[in-house]
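S.K.: Dumping the structure here so I can ask a few things about it.
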Amino acid sequence: MSARRLRAVAWDIDGTLIDSEPLHHRALVAACRALGSDISDLPDQAFRGIHMGNVWKQIAPRLPADVAQAEWLARINDHYVAHRNSLIALPGAVATIRALARLGVPQVCVSNSSRSVVDANIDALGIADALAFSLSLDDVTNGKPDPEPYRCACARLGLPPQEVAAIEDSRSGALSARAASLYVVGYTPSGGGFDSVDLEIDRLENILPLFS
């Protein structure tokens, strides 16, 4: 695809812009412990890129029968937001967003996290002023890997999906963007990679030539 046809960027957040997985895991463990279940045996990457509804389905059998999903999720989100100052931006994330903003490229965030977590991440990164808007799991009926989040993002941008680059670090997110017909950039800083992408990068700033 010609760089001149790409006019906007839709960023995933967790694992793409910010190193949030450790805090997500700590929040999950703390919430479950408070509700009477020890899940510390699970690896900290057990639910990377997974819709929270699917996490609940896997965790619920380990919780007391009277625990409601809404209470469980609220405890997770409250812990995460309260500890957002421990979050660390991934290398090049903020600089790349600022560089795109100077070029006049519209940018949005599309996340499978709840609204409170998305807002906490954006606050921790200090990038709210560079974004046109953000979409959370609370803003859609179906989260990634369903194409709905990215379709909604393109509709709000007023752009055809072929003119929007989605930057994703997980297969689930890449599948969502691919199904919505976006140009999919797979961010794989540790190598490995995954399918369903148009371009793989190991440094976020490597997307800049697509818009310069």
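Identifiers for the structure tokens are assigned positionally: chains receive A, B, ... in sequence, residues are indexed from 1 per chain, and ligands are indexed from 1 in the order shown.
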Would you list the contacts of stretch 140-150 of chain A as number ranges by chain, taking every protein, DNA or RNA residue within 6 Å and counting only C-alpha atoms, but skipping same-chain residues closer than 6 positions in sequence?
M.R.: A: 112, 172-173, 175-177, 179-180
S.K.: Keeping only all heavy atoms, write the selected residues as a compact mmCIF listing (two decimals), in the first residue's frame.
M.R.:
# COMPACT_ATOMS: atom_id res chain seq x y z
N ASN A 112 -9.21 -3.18 24.10
CA ASN A 112 -10.11 -4.19 24.65
C ASN A 112 -10.28 -4.01 26.16
O ASN A 112 -10.89 -4.85 26.81
CB ASN A 112 -9.58 -5.60 24.37
CG ASN A 112 -10.47 -6.38 23.41
OD1 ASN A 112 -11.39 -5.83 22.81
ND2 ASN A 112 -10.20 -7.66 23.26
N SER A 172 -4.95 -11.43 18.44
CA SER A 172 -6.36 -11.09 18.59
C SER A 172 -6.67 -9.72 18.01
O SER A 172 -7.63 -9.53 17.26
CB SER A 172 -6.76 -11.15 20.07
OG SER A 172 -8.09 -10.71 20.25
N GLY A 173 -5.82 -8.76 18.35
CA GLY A 173 -6.02 -7.41 17.83
C GLY A 173 -5.79 -7.32 16.33
O GLY A 173 -6.53 -6.63 15.62
N LEU A 175 -6.24 -9.70 14.16
CA LEU A 175 -7.39 -10.33 13.50
C LEU A 175 -8.58 -9.37 13.44
O LEU A 175 -9.30 -9.31 12.45
CB LEU A 175 -7.78 -11.61 14.23
CG LEU A 175 -6.82 -12.79 14.07
CD1 LEU A 175 -7.23 -13.93 15.00
CD2 LEU A 175 -6.78 -13.27 12.62
N SER A 176 -8.78 -8.61 14.51
CA SER A 176 -9.86 -7.62 14.53
C SER A 176 -9.66 -6.57 13.45
O SER A 176 -10.58 -6.25 12.68
CB SER A 176 -9.90 -6.95 15.91
OG SER A 176 -10.80 -5.86 15.94
N ALA A 177 -8.43 -6.04 13.37
CA ALA A 177 -8.14 -5.01 12.38
C ALA A 177 -8.21 -5.56 10.96
O ALA A 177 -8.70 -4.90 10.05
CB ALA A 177 -6.77 -4.40 12.65
N ALA A 179 -10.04 -8.10 9.91
CA ALA A 179 -11.45 -8.34 9.56
C ALA A 179 -12.19 -7.04 9.24
O ALA A 179 -13.18 -7.05 8.50
CB ALA A 179 -12.16 -9.07 10.70
N ALA A 180 -11.69 -5.93 9.80
CA ALA A 180 -12.29 -4.62 9.52
C ALA A 180 -11.67 -3.94 8.30
O ALA A 180 -12.04 -2.81 7.96
CB ALA A 180 -12.16 -3.72 10.74
S.K.: Name all residues at most 10 Å from A:Arg26 (count only C-alpha atoms; drop same-chain ones fewer than 4 positions away) and give them as a list in words.
M.R.: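 Once the nearby chain positions are removed, what remains is Glu21, Pro22, Ala30, Ala31, Cys32, Ser40, Asp44, Ile76, His79, Tyr80 and His83 of chain A.
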S.K.: Quick check, in Å to one decimal: how far apart do atom CA of A:Ile97 and atom CA of A:Ala130 lie?
M.R.: 7.2 Å
S.K.: If you run DSSP over the backbone, which residues in stretch 1-207 of chain A end up strand (DSSP E)? Put them as an MDAnalysis selection string.
M.R.: chainID A and resid 8:11 107:110 133:135 164:168 183:187 199:201
S.K.: Choose the residue, out of A:Leu28, A:Cys154, A:Val108, A:Leu100, that has the smallest atom-to-atom separation from A:Leu210; count only C-alpha atoms.
M.R.: A:Leu100
S.K.: Skip A:Gln69 itself and residues of its chain fewer than 4 positions away, then list as a PyMOL selection string all residues within 9 Å of it, counting only C-alpha atoms.
M.R.: chain A and resi 53+56+60+73-74
S.K.: Write to file, as a tab-separated table (two decimals), in the first residue's frame, the residues of the selection just made, with N, CA, C and O atoms.
M.R.:
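Output contents, as saved in result_15.tsv:
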chain	number	residue	atom	x	y	z
A	53	GLY	N	-14.41	-10.54	29.03
A	53	GLY	CA	-15.51	-11.49	29.15
A	53	GLY	C	-15.02	-12.92	29.08
A	53	GLY	O	-15.54	-13.81	29.79
A	56	TRP	N	-13.16	-13.78	32.34
A	56	TRP	CA	-14.14	-14.14	33.37
A	56	TRP	C	-14.58	-15.60	33.24
A	56	TRP	O	-14.69	-16.31	34.24
A	60	ALA	N	-14.00	-17.62	36.53
A	60	ALA	CA	-15.21	-17.79	37.36
A	60	ALA	C	-15.28	-19.11	38.10
A	60	ALA	O	-15.68	-19.14	39.27
A	73	LEU	N	-14.99	-7.41	38.06
A	73	LEU	CA	-14.38	-6.48	37.11
A	73	LEU	C	-14.13	-5.12	37.74
A	73	LEU	O	-13.09	-4.49	37.50
A	74	ALA	N	-15.05	-4.66	38.58
A	74	ALA	CA	-14.86	-3.37	39.24
A	74	ALA	C	-13.64	-3.38	40.14
A	74	ALA	O	-12.88	-2.40	40.20
S.K.: Suppose you want the space between atom CA of A:Ile88 and atom CA of A:Leu199; what is it in Å?
M.R.: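 Atom CA of A:Leu199 lies 25.2 Å from atom CA of A:Ile88.
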S.K.: Closest to A:Gly158 among A:Ala132, A:Ile207, A:Leu17, A:Val81, using only C-alpha atoms?
M.R.: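 Answer, going by the shortest atom-to-atom distance: A:Ala132.
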S.K.: Could you pull the residues within 8 Å of A:Cys109, counting only C-alpha atoms, minus those fewer than 3 positions along the same chain, as a PyMOL selection string?
M.R.: chain A and resi 10-13+131+133-135
S.K.: Take the residues from that selection and write them out as a CSV table (one decimal), in the first residue's frame, keeping C-alpha atoms.
M.R.:
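Below is the file selection_22.csv, written as the result:
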chain,number,residue,atom,x,y,z
A,10,ALA,CA,-5.5,3.5,15.3
A,11,TRP,CA,-3.3,2.4,18.2
A,12,ASP,CA,-3.8,-0.6,20.4
A,13,ILE,CA,-2.7,0.4,23.9
A,131,LEU,CA,-5.7,11.8,20.2
A,133,PHE,CA,-10.7,10.0,20.6
A,134,SER,CA,-10.4,6.5,22.2
A,135,LEU,CA,-12.6,3.4,22.1
S.K.: Near A:Thr16, counting only C-alpha atoms, which residues have an atom at most 7 Å away, once you skip same-chain residues fewer than 4 positions from it, shown as an MDAnalysis selection string?
M.R.: chainID A and resid 12 168:169 187
S.K.: Just want the 8 Å neighbourhood of A:Ser116, counted on only C-alpha atoms, with same-chain residues fewer than 3 positions away dropped. Output as a list in words.
M.R.: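 What passes the distance filter is Asn77, Val81, Asp119 and Ala120 of chain A.
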S.K.: Let's have the selection written as a PDB file, in the first residue's frame, with N, CA, C and O atoms.
M.R.:
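Resulting contents of part.pdb:
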ATOM      1  N   ASN A  77     -10.505  -3.175  37.899  1.00  0.00           N
ATOM      2  CA  ASN A  77     -10.312  -1.832  37.351  1.00  0.00           C
ATOM      3  C   ASN A  77      -9.888  -0.834  38.417  1.00  0.00           C
ATOM      4  O   ASN A  77      -9.030   0.029  38.169  1.00  0.00           O
ATOM      5  N   VAL A  81      -6.449   1.339  38.119  1.00  0.00           N
ATOM      6  CA  VAL A  81      -6.462   2.806  38.070  1.00  0.00           C
ATOM      7  C   VAL A  81      -5.680   3.396  39.245  1.00  0.00           C
ATOM      8  O   VAL A  81      -4.923   4.365  39.075  1.00  0.00           O
ATOM      9  N   ASP A 119      -8.647   5.213  30.050  1.00  0.00           N
ATOM     10  CA  ASP A 119      -8.373   6.586  30.480  1.00  0.00           C
ATOM     11  C   ASP A 119      -7.132   6.644  31.372  1.00  0.00           C
ATOM     12  O   ASP A 119      -6.340   7.593  31.284  1.00  0.00           O
ATOM     13  N   ALA A 120      -6.952   5.625  32.228  1.00  0.00           N
ATOM     14  CA  ALA A 120      -5.771   5.584  33.096  1.00  0.00           C
ATOM     15  C   ALA A 120      -4.502   5.432  32.265  1.00  0.00           C
ATOM     16  O   ALA A 120      -3.479   6.075  32.540  1.00  0.00           O
TER      17      ALA A 120
END
S.K.: Do you know which residues are at most 10 Å from A:Ile127 counting only C-alpha atoms, after dropping those on the same chain fewer than 2 positions away, and could you put them as an NGL selection string?
M.R.: :A and (93-94 or 97-98 or 121-125 or 129-131)
S.K.: Run DSSP on the backbone of this structure and report the residues of chain A it assigns to alpha helix (DSSP H), as an NGL selection string.
M.R.: :A and (21-34 or 52-59 or 69-82 or 93-102 or 115-125 or 148-157 or 171-179)
